[in-house]
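Data first, discussion second: the structure below is written as structure tokens.
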Amino acid sequence: MSGKHFYVTTPIYYANDKPHIGHAYTTLLADVLARYHRLLGYEVFFLTGTDEHGQKVEQAARKRGVSPEEHVDEYHRRFKDLWQRLGIEYDYFIRTTDKDHISFVQKCLQELYDRGEIVLREYEGWYSVSEERFFQEDELVDGKDPIGHKPVEWISEKNYFFLMSKYREALIEHIEKHPDFILPQTRKNEVLGFLRQPLGDLCISRPRARLAWGIPLPFDADFVTYVWFDALLNYESAVVQRSYKDGTPLWPATYHLLGKDILTTHCVYWPTMLLALGHALPCHIFAHGWWLSQGAKQSKSSGNAVDPLGYMDLYGVDTVRYFLLRDMVPGQDASFSDEQFKERINSDLANDLGNALQRVHVFLARSLDGKVPRPPANAGTDEEALRAFTEESIRKVMDLITSLRLSPALEAVAEMVRQVNRYLEKRAPWQVVRDPERKEELNTILYTAAEALRCALILLGPVMPAKVATGLAMLGVKTQPTLLDLAWGGLPSGAPVEPGGPLFPRIQSEAKKEESPAPDVLPAAQLDLRAGRIVEVDDHPSADKLYVLRVDLGSETRTIVAGLKAFRPEDLIERTCVAVANLKAARLRGVESHGMLLAVSLASGPELLSPGDAKPGAELSFQGVVRQPEKRLTVETLQAAKLEVRSGRVTGNGCDLLSGGKPVLFDAPDGTEVR
Ligand code: MSP
């Protein structure tokens, strides 16, 4: 790899197919690598495109009753549209029907023909339309092509051949001298195994009578170019006229990324073509595994193709990007199922990252006047440990990224986030915040957690650009550093944090949704929740676990009996609270109680819910739920409203509780009950 230059390619996809998650994966991998390398200070060129000639495309056009030109004009757009929606930032989209590409291919063909590297021969063999290539008898499996298991036909005709066999030794030598030429190593061994057998010459033409849709051979108008000879040259034709800013030509590519299905074409045909042309070979060819669905390779023809668009519509672009990169281990196959998708997003993003971020954000917003804290004057051992772990992880993640091991890199970032959650559990800012004397300690905890999260988010930036930008703003970070400048201590002290909700809502599984049939009126709608202010606190005359409170509800002051002995009376007086104002009156050890105050039950004891700035008497409601308060609410309906904390927000029947139009926030683990 030359200096700080990075030229990455994807295969050019056949313009006859609807793009599916397999195509999306390679392109996404290229996009994320391009983004990482830009942030690492490389000058990057990212190429993708469509393969528009050949029998497959011609047949697809015929089937639709349109010309091949019309067909590819329409179909190549499907890829462009998907790349736009998937947030793919390529530098150039090549189409093999581009004039410049066609003339480059013809120039190369003529050159090889003039030098005697291409010759005319009689040819017979088993031809697979689906793979667009000939196979030898002993390569067939059950009489079908060994790759797609599709029927083959015996064809005998005159054709032009590229004398590929001449380059076998030179290619083996190149592969052995450059151990990173073919990656991962298993693929390299596979190619070397293939090269140990006799290598034939490559048929590079198709008689025009049989296939008209191709680039005409410049030296024989009765033939068109074999689609792979045309397609592989795209990597070079796209950049022959381009150079990096310092004048270095873009060719050779730094990385060709592809699926293992097209290993031989890229690792044997292509390098031998380049050797014959006397052009430089690409630096690295990286072949990833397949996305499997129901145990088979994802493809349109097997009817198991997952449409990435559907997932993006349902769960957002960034979560799809994260899942694909996180769940395919480099070089291995990966399976895609709805269940796995939901599990991954819920565990890594909703539970771990979303939670940590929401927790820290809520504290910054509430307890530190919405400002980013100062670096701690005296960091303790827990702080030092989190810092050391974060710094070590940054180094590890960078190494993994530059060696294309994105799944382990994302696993390492997920571990950074889990460490932040463990740190928060240990340092319990929710307890520290209660004591005004411990303000400095709160500052230290929040700075340390926010800074560790900032580092993790920046490392995730290329994978989830939009979510990361929002997440960073929730920590007061507006400008993102490059990865080169990423170091502990970059949190902008004093900067205001931007409002933000839970970044990654939990995805409910279908089974769970079905469990709760929708009642006529949602229980949460039947609650009359109001802001209150505690004005009097007395001990209950005959129950030492209870207080008798007088609560100002605006138009009236109510008597409410509450089990809040964990608090001292002076901690309760003048506190704002949320009251269930329509609960059926009940006598509690002889005192009539007219309502109930909502509290969150934490392991450390109850914590009163606060209505924020709302004045006593103000009504609280649930997002998207029309209030229909019952006259006398039963405890059963209150329980059926399932008040609980989810992603840092108080919810009823899964809908956010709003006070003054804003969600009522509470930092507690998901599922913590409110009662
Ligand atoms: N047109 C040729 C490539 C020419 S490159 C000079 C071609 N096109 S394709 O549309 O069939 O795309 C194949 C590529 O799509 C694979 O190499 C891989 O990058 C991606 N994938 C298609 N299905 C896939 C999976 N099920 N899983 C992962 N990626 C796969 O071949």
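By order of appearance in the structure tokens: chains A, B, ..., then residues from 1 within every chain, and ligands from 1 in the order shown.
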Exercise. Hey, what's within 7 Å of stretch 195-209 of chain A if we count only C-alpha atoms and toss same-chain stuff fewer than 6 positions away? As a ChimeraX atom specification, please?
Worked result: /A:159-165,168,222-226,229
Can you check which parts of chain A lie within 9 Å of ligand 1? Per residue, the shortest pair of atoms and distance in Å to one decimal, counting only C-alpha atoms and all ligand atoms, sorted by chain and number, as JSON lines.
{"residue": "A:Thr10", "atom": "CA", "partner": "ligand 1", "partner_atom_place_in_ligand_line": "19 (O)", "distance": 6.8}
{"residue": "A:Pro11", "atom": "CA", "partner": "ligand 1", "partner_atom_place_in_ligand_line": "5 (S)", "distance": 3.8}
{"residue": "A:Ile12", "atom": "CA", "partner": "ligand 1", "partner_atom_place_in_ligand_line": "5 (S)", "distance": 4.5}
{"residue": "A:Tyr13", "atom": "CA", "partner": "ligand 1", "partner_atom_place_in_ligand_line": "10 (O)", "distance": 3.5}
{"residue": "A:Tyr14", "atom": "CA", "partner": "ligand 1", "partner_atom_place_in_ligand_line": "10 (O)", "distance": 4.1}
{"residue": "A:Ala15", "atom": "CA", "partner": "ligand 1", "partner_atom_place_in_ligand_line": "10 (O)", "distance": 7.2}
{"residue": "A:Asn16", "atom": "CA", "partner": "ligand 1", "partner_atom_place_in_ligand_line": "10 (O)", "distance": 8.0}
{"residue": "A:Asp17", "atom": "CA", "partner": "ligand 1", "partner_atom_place_in_ligand_line": "10 (O)", "distance": 7.1}
{"residue": "A:Pro19", "atom": "CA", "partner": "ligand 1", "partner_atom_place_in_ligand_line": "10 (O)", "distance": 7.8}
{"residue": "A:His20", "atom": "CA", "partner": "ligand 1", "partner_atom_place_in_ligand_line": "23 (N)", "distance": 7.4}
{"residue": "A:Ile21", "atom": "CA", "partner": "ligand 1", "partner_atom_place_in_ligand_line": "25 (C)", "distance": 7.0}
{"residue": "A:Gly22", "atom": "CA", "partner": "ligand 1", "partner_atom_place_in_ligand_line": "24 (C)", "distance": 3.6}
{"residue": "A:His23", "atom": "CA", "partner": "ligand 1", "partner_atom_place_in_ligand_line": "20 (C)", "distance": 4.2}
{"residue": "A:Ala24", "atom": "CA", "partner": "ligand 1", "partner_atom_place_in_ligand_line": "20 (C)", "distance": 7.4}
{"residue": "A:Tyr25", "atom": "CA", "partner": "ligand 1", "partner_atom_place_in_ligand_line": "29 (N)", "distance": 6.2}
{"residue": "A:Thr26", "atom": "CA", "partner": "ligand 1", "partner_atom_place_in_ligand_line": "19 (O)", "distance": 4.9}
{"residue": "A:Thr27", "atom": "CA", "partner": "ligand 1", "partner_atom_place_in_ligand_line": "19 (O)", "distance": 7.7}
{"residue": "A:Gly49", "atom": "CA", "partner": "ligand 1", "partner_atom_place_in_ligand_line": "5 (S)", "distance": 9.0}
{"residue": "A:Thr50", "atom": "CA", "partner": "ligand 1", "partner_atom_place_in_ligand_line": "1 (N)", "distance": 7.1}
{"residue": "A:Asp51", "atom": "CA", "partner": "ligand 1", "partner_atom_place_in_ligand_line": "1 (N)", "distance": 5.0}
{"residue": "A:Glu52", "atom": "CA", "partner": "ligand 1", "partner_atom_place_in_ligand_line": "1 (N)", "distance": 8.0}
{"residue": "A:Glu131", "atom": "CA", "partner": "ligand 1", "partner_atom_place_in_ligand_line": "31 (O)", "distance": 8.4}
{"residue": "A:Val227", "atom": "CA", "partner": "ligand 1", "partner_atom_place_in_ligand_line": "1 (N)", "distance": 8.3}
{"residue": "A:Trp228", "atom": "CA", "partner": "ligand 1", "partner_atom_place_in_ligand_line": "6 (C)", "distance": 6.6}
{"residue": "A:Phe229", "atom": "CA", "partner": "ligand 1", "partner_atom_place_in_ligand_line": "6 (C)", "distance": 8.4}
{"residue": "A:Asp230", "atom": "CA", "partner": "ligand 1", "partner_atom_place_in_ligand_line": "6 (C)", "distance": 8.0}
{"residue": "A:Ala231", "atom": "CA", "partner": "ligand 1", "partner_atom_place_in_ligand_line": "6 (C)", "distance": 4.5}
{"residue": "A:Leu232", "atom": "CA", "partner": "ligand 1", "partner_atom_place_in_ligand_line": "6 (C)", "distance": 3.9}
{"residue": "A:Leu233", "atom": "CA", "partner": "ligand 1", "partner_atom_place_in_ligand_line": "6 (C)", "distance": 7.2}
{"residue": "A:Asn234", "atom": "CA", "partner": "ligand 1", "partner_atom_place_in_ligand_line": "6 (C)", "distance": 6.7}
{"residue": "A:Tyr235", "atom": "CA", "partner": "ligand 1", "partner_atom_place_in_ligand_line": "6 (C)", "distance": 7.4}
{"residue": "A:Leu257", "atom": "CA", "partner": "ligand 1", "partner_atom_place_in_ligand_line": "19 (O)", "distance": 7.0}
{"residue": "A:Leu258", "atom": "CA", "partner": "ligand 1", "partner_atom_place_in_ligand_line": "19 (O)", "distance": 4.1}
{"residue": "A:Gly259", "atom": "CA", "partner": "ligand 1", "partner_atom_place_in_ligand_line": "17 (O)", "distance": 3.4}
{"residue": "A:Lys260", "atom": "CA", "partner": "ligand 1", "partner_atom_place_in_ligand_line": "17 (O)", "distance": 6.2}
{"residue": "A:Asp261", "atom": "CA", "partner": "ligand 1", "partner_atom_place_in_ligand_line": "17 (O)", "distance": 5.6}
{"residue": "A:Ile262", "atom": "CA", "partner": "ligand 1", "partner_atom_place_in_ligand_line": "17 (O)", "distance": 5.4}
{"residue": "A:Leu263", "atom": "CA", "partner": "ligand 1", "partner_atom_place_in_ligand_line": "17 (O)", "distance": 8.0}
{"residue": "A:Thr265", "atom": "CA", "partner": "ligand 1", "partner_atom_place_in_ligand_line": "6 (C)", "distance": 8.1}
{"residue": "A:His266", "atom": "CA", "partner": "ligand 1", "partner_atom_place_in_ligand_line": "6 (C)", "distance": 7.4}
{"residue": "A:Trp270", "atom": "CA", "partner": "ligand 1", "partner_atom_place_in_ligand_line": "6 (C)", "distance": 8.8}
{"residue": "A:Ala287", "atom": "CA", "partner": "ligand 1", "partner_atom_place_in_ligand_line": "17 (O)", "distance": 7.8}
{"residue": "A:His288", "atom": "CA", "partner": "ligand 1", "partner_atom_place_in_ligand_line": "28 (C)", "distance": 7.2}
{"residue": "A:Gly289", "atom": "CA", "partner": "ligand 1", "partner_atom_place_in_ligand_line": "28 (C)", "distance": 6.0}
{"residue": "A:Trp290", "atom": "CA", "partner": "ligand 1", "partner_atom_place_in_ligand_line": "27 (N)", "distance": 3.4}
{"residue": "A:Trp291", "atom": "CA", "partner": "ligand 1", "partner_atom_place_in_ligand_line": "27 (N)", "distance": 3.7}
{"residue": "A:Leu292", "atom": "CA", "partner": "ligand 1", "partner_atom_place_in_ligand_line": "26 (N)", "distance": 5.9}
{"residue": "A:Ser293", "atom": "CA", "partner": "ligand 1", "partner_atom_place_in_ligand_line": "26 (N)", "distance": 8.1}
{"residue": "A:Ala296", "atom": "CA", "partner": "ligand 1", "partner_atom_place_in_ligand_line": "26 (N)", "distance": 8.2}
{"residue": "A:Lys297", "atom": "CA", "partner": "ligand 1", "partner_atom_place_in_ligand_line": "26 (N)", "distance": 4.6}
{"residue": "A:Gln298", "atom": "CA", "partner": "ligand 1", "partner_atom_place_in_ligand_line": "26 (N)", "distance": 3.8}
{"residue": "A:Ser299", "atom": "CA", "partner": "ligand 1", "partner_atom_place_in_ligand_line": "26 (N)", "distance": 5.9}
{"residue": "A:Lys300", "atom": "CA", "partner": "ligand 1", "partner_atom_place_in_ligand_line": "23 (N)", "distance": 8.9}
{"residue": "A:Ala305", "atom": "CA", "partner": "ligand 1", "partner_atom_place_in_ligand_line": "26 (N)", "distance": 7.9}
{"residue": "A:Asp333", "atom": "CA", "partner": "ligand 1", "partner_atom_place_in_ligand_line": "27 (N)", "distance": 7.8}
{"residue": "A:Ala334", "atom": "CA", "partner": "ligand 1", "partner_atom_place_in_ligand_line": "27 (N)", "distance": 8.2}
Would you output that residue set with C-alpha atoms, as a compact mmCIF listing (two decimals), in the first residue's frame?
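Output contents, as saved in result_28.txt:
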# COMPACT_ATOMS: atom_id res chain seq x y z
CA THR A 10 -16.63 -3.57 -4.78
CA PRO A 11 -17.60 -6.07 -7.47
CA ILE A 12 -19.74 -4.46 -10.12
CA TYR A 13 -23.14 -6.05 -9.72
CA TYR A 14 -25.14 -7.58 -12.54
CA ALA A 15 -27.79 -5.15 -13.64
CA ASN A 16 -30.41 -7.87 -13.84
CA ASP A 17 -31.20 -8.41 -10.22
CA PRO A 19 -30.11 -5.84 -4.92
CA HIS A 20 -30.29 -7.92 -1.77
CA ILE A 21 -28.47 -8.01 1.53
CA GLY A 22 -25.49 -9.90 0.04
CA HIS A 23 -24.81 -7.07 -2.43
CA ALA A 24 -25.45 -4.52 0.29
CA TYR A 25 -22.85 -6.16 2.52
CA THR A 26 -19.85 -5.83 0.20
CA THR A 27 -20.73 -2.25 -0.62
CA GLY A 49 -20.85 0.10 -10.21
CA THR A 50 -22.81 -2.28 -12.39
CA ASP A 51 -21.89 -5.07 -14.78
CA GLU A 52 -24.21 -4.50 -17.71
CA GLU A 131 -22.22 -18.42 -14.34
CA VAL A 227 -18.41 -10.57 -19.81
CA TRP A 228 -15.71 -11.25 -17.19
CA PHE A 229 -12.92 -9.92 -19.38
CA ASP A 230 -14.96 -6.76 -19.83
CA ALA A 231 -16.06 -6.53 -16.18
CA LEU A 232 -12.72 -7.05 -14.42
CA LEU A 233 -11.15 -4.23 -16.39
CA ASN A 234 -13.60 -1.79 -14.74
CA TYR A 235 -11.29 -1.51 -11.76
CA LEU A 257 -13.54 -6.56 -1.88
CA LEU A 258 -15.71 -9.43 -3.07
CA GLY A 259 -17.65 -12.49 -2.04
CA LYS A 260 -16.00 -15.91 -2.15
CA ASP A 261 -18.20 -16.85 -5.13
CA ILE A 262 -15.99 -14.84 -7.46
CA LEU A 263 -12.62 -15.76 -6.04
CA THR A 265 -12.14 -14.74 -11.54
CA HIS A 266 -10.48 -12.14 -9.28
CA TRP A 270 -7.66 -10.86 -13.34
CA ALA A 287 -13.00 -12.31 -0.16
CA HIS A 288 -15.71 -12.45 2.46
CA GLY A 289 -18.17 -15.27 3.10
CA TRP A 290 -21.81 -15.50 2.19
CA TRP A 291 -24.88 -14.28 3.93
CA LEU A 292 -27.01 -17.35 4.37
CA SER A 293 -30.69 -17.43 4.96
CA ALA A 296 -28.64 -21.32 1.84
CA LYS A 297 -26.75 -18.51 0.08
CA GLN A 298 -28.92 -15.48 -0.25
CA SER A 299 -29.93 -15.09 -3.83
CA LYS A 300 -32.92 -14.03 -5.81
CA ALA A 305 -33.26 -13.02 -0.43
CA ASP A 333 -20.35 -17.28 6.28
CA ALA A 334 -23.00 -15.60 8.39
Do you have, as a Markdown table, the list of residues of stretch 463-518 of chain A lying at most 10 Å from stretch 306-330 of chain A, each with its nearest atom pair and that distance in Å to one decimal, counting only C-alpha atoms and ordered by chain then number?
| residue | atom | partner | partner_atom | distance |
| --- | --- | --- | --- | --- |
| A:Val463 | CA | A:Tyr322 | CA | 6.1 |
| A:Met464 | CA | A:Asp318 | CA | 4.7 |
| A:Pro465 | CA | A:Asp318 | CA | 7.3 |
| A:Ala466 | CA | A:Asp318 | CA | 7.1 |
| A:Lys467 | CA | A:Asp318 | CA | 6.8 |
| A:Val468 | CA | A:Asp318 | CA | 9.2 |
| A:Phe504 | CA | A:Thr319 | CA | 8.4 |
| A:Pro505 | CA | A:Tyr315 | CA | 9.1 |
| A:Arg506 | CA | A:Tyr315 | CA | 9.9 |
| A:Ile507 | CA | A:Tyr315 | CA | 8.1 |
Save the residues we just selected, C-alpha atoms, as a short mmCIF file (atom, residue, chain, number, x, y, z; two decimals), in the first residue's frame?
data_model
loop_
_atom_site.label_atom_id
_atom_site.label_comp_id
_atom_site.auth_asym_id
_atom_site.auth_seq_id
_atom_site.Cartn_x
_atom_site.Cartn_y
_atom_site.Cartn_z
CA VAL A 463 -20.61 2.43 10.83
CA MET A 464 -23.55 4.52 12.12
CA PRO A 465 -22.89 8.09 10.97
CA ALA A 466 -26.29 9.60 11.78
CA LYS A 467 -26.83 7.91 15.14
CA VAL A 468 -23.32 8.72 16.26
CA PHE A 504 -31.97 2.88 19.89
CA PRO A 505 -35.50 1.90 20.89
CA ARG A 506 -35.86 -1.75 21.79
CA ILE A 507 -37.35 -3.87 19.04
#
Problem set entry | Closest of A:Ile94, A:Leu274, A:Val537, A:Ile560 to A:Arg77 - atom-to-atom distances counting only C-alpha atoms |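 Of A:Ile94, A:Leu274, A:Val537, A:Ile560, the one nearest A:Arg77 is A:Ile94, counting only C-alpha atoms.
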For this session: Write out as a ChimeraX atom specification each polymer residue whose atoms come within 7 Å of stretch 449-458 of chain A, counting only C-alpha atoms; drop sequence neighbours fewer than 5 positions from it.
Result: /A:360,390,413,416-417,420,468,472,475,489,491
Using only N, CA and C atoms, please write the residues we just selected to a file, as a PDB file, in the first residue's frame.
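Writing the result to result-v2.pdb gives the following:
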ATOM      1  N   VAL A 360     -26.145   8.779  31.027  1.00  0.00           N
ATOM      2  CA  VAL A 360     -25.196   9.881  31.209  1.00  0.00           C
ATOM      3  C   VAL A 360     -25.839  11.192  30.771  1.00  0.00           C
ATOM      4  N   THR A 390     -10.203   2.185  28.044  1.00  0.00           N
ATOM      5  CA  THR A 390     -10.648   2.895  26.834  1.00  0.00           C
ATOM      6  C   THR A 390      -9.459   3.143  25.908  1.00  0.00           C
ATOM      7  N   VAL A 413     -15.616  -2.466  20.581  1.00  0.00           N
ATOM      8  CA  VAL A 413     -16.303  -1.223  20.967  1.00  0.00           C
ATOM      9  C   VAL A 413     -17.475  -1.560  21.898  1.00  0.00           C
ATOM     10  N   MET A 416     -16.216  -1.820  25.230  1.00  0.00           N
ATOM     11  CA  MET A 416     -15.943  -0.502  25.835  1.00  0.00           C
ATOM     12  C   MET A 416     -17.220   0.039  26.486  1.00  0.00           C
ATOM     13  N   VAL A 417     -18.336  -0.123  25.764  1.00  0.00           N
ATOM     14  CA  VAL A 417     -19.612   0.399  26.271  1.00  0.00           C
ATOM     15  C   VAL A 417     -20.057  -0.377  27.508  1.00  0.00           C
ATOM     16  N   VAL A 420     -18.429   0.915  30.471  1.00  0.00           N
ATOM     17  CA  VAL A 420     -19.007   2.171  30.972  1.00  0.00           C
ATOM     18  C   VAL A 420     -20.212   1.848  31.853  1.00  0.00           C
ATOM     19  N   VAL A 468     -24.476   8.281  15.488  1.00  0.00           N
ATOM     20  CA  VAL A 468     -23.316   8.725  16.264  1.00  0.00           C
ATOM     21  C   VAL A 468     -23.320  10.246  16.392  1.00  0.00           C
ATOM     22  N   LEU A 472     -23.329  11.940  19.992  1.00  0.00           N
ATOM     23  CA  LEU A 472     -22.265  12.843  20.439  1.00  0.00           C
ATOM     24  C   LEU A 472     -22.849  14.188  20.881  1.00  0.00           C
ATOM     25  N   LEU A 475     -23.878  14.428  24.253  1.00  0.00           N
ATOM     26  CA  LEU A 475     -22.771  14.590  25.212  1.00  0.00           C
ATOM     27  C   LEU A 475     -22.091  15.946  25.008  1.00  0.00           C
ATOM     28  N   GLY A 489      -9.716  12.729  26.833  1.00  0.00           N
ATOM     29  CA  GLY A 489      -9.641  14.118  27.281  1.00  0.00           C
ATOM     30  C   GLY A 489     -10.223  15.115  26.291  1.00  0.00           C
ATOM     31  N   LEU A 491     -13.389  15.715  25.620  1.00  0.00           N
ATOM     32  CA  LEU A 491     -14.756  16.160  25.905  1.00  0.00           C
ATOM     33  C   LEU A 491     -14.766  17.688  26.101  1.00  0.00           C
TER      34      LEU A 491
END
Exercise. Interatomic distance between atom CA of A:His256 and atom CA of A:Pro282?
Worked result: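 If I compute the distance from atom CA of A:His256 to atom CA of A:Pro282, I get 7.4 Å.
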Exercise. So which residues touch stretch 592-600 of chain A within 7 Å, counting only C-alpha atoms, skipping near sequence neighbours fewer than 2 positions away, as a ChimeraX atom specification?
Worked result: /A:558-561,577-583,585-588,590,602,606-609,673-675
For this session: Once DSSP has gone over the backbone, tell me which residues of stretch 353-437 of chain A are in alpha helix (DSSP H), as number ranges by chain.
Result: A: 355-367, 381-402, 406-427, 429-432
For this session: Might you pull out every residue within 10 Å of A:Glu69, with only C-alpha atoms counted and same-chain residues fewer than 6 positions away left off, and present them as a count of residues only?
Result: 8
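Using only C-alpha atoms for every distance, the candidate list A:Arg387, A:His361, A:Lys584, A:Arg405 yields A:His361 as the residue closest to A:Gly476.
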Seminar exercise, completed: Atom pair atom CA of A:Glu574 + atom CA of A:Val551, distance 9.3 Å
Problem set entry | Contacts of stretch 178-184 of chain A within 6 Å, only C-alpha atoms, excl. fewer than 4 positions in-chain, as a list in words | Lys188, Cys283, His284, Ile285 and Phe286 of chain A
Exercise. Taking into account only C-alpha atoms, which residue in the set A:Arg627, A:Leu522, A:Arg533, A:Lys615 is nearest to A:Ala641?
Worked result: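 Of A:Arg627, A:Leu522, A:Arg533, A:Lys615, the one nearest A:Ala641, counting only C-alpha atoms, is A:Leu522.
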For this session: Report the distance between atom CA of A:His174 and atom CA of A:Arg115 in Å, rounded to one decimal place.
Result: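 The value is 22.5 Å.
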Exercise. Within 12 Å of A:Ala603, counting only C-alpha atoms, which residues qualify if same-chain residues fewer than 5 places away don't, as a ChimeraX atom specification?
Worked result: /A:425,428,430-431,668-669,672-673
For this session: From stretch 7-186 of chain A, collect each residue whose DSSP state is strand (DSSP E) and return the set as an MDAnalysis selection string.
Result: chainID A and resid 7:14 43:51 92:95 118:128 133:135 153:162 182:183
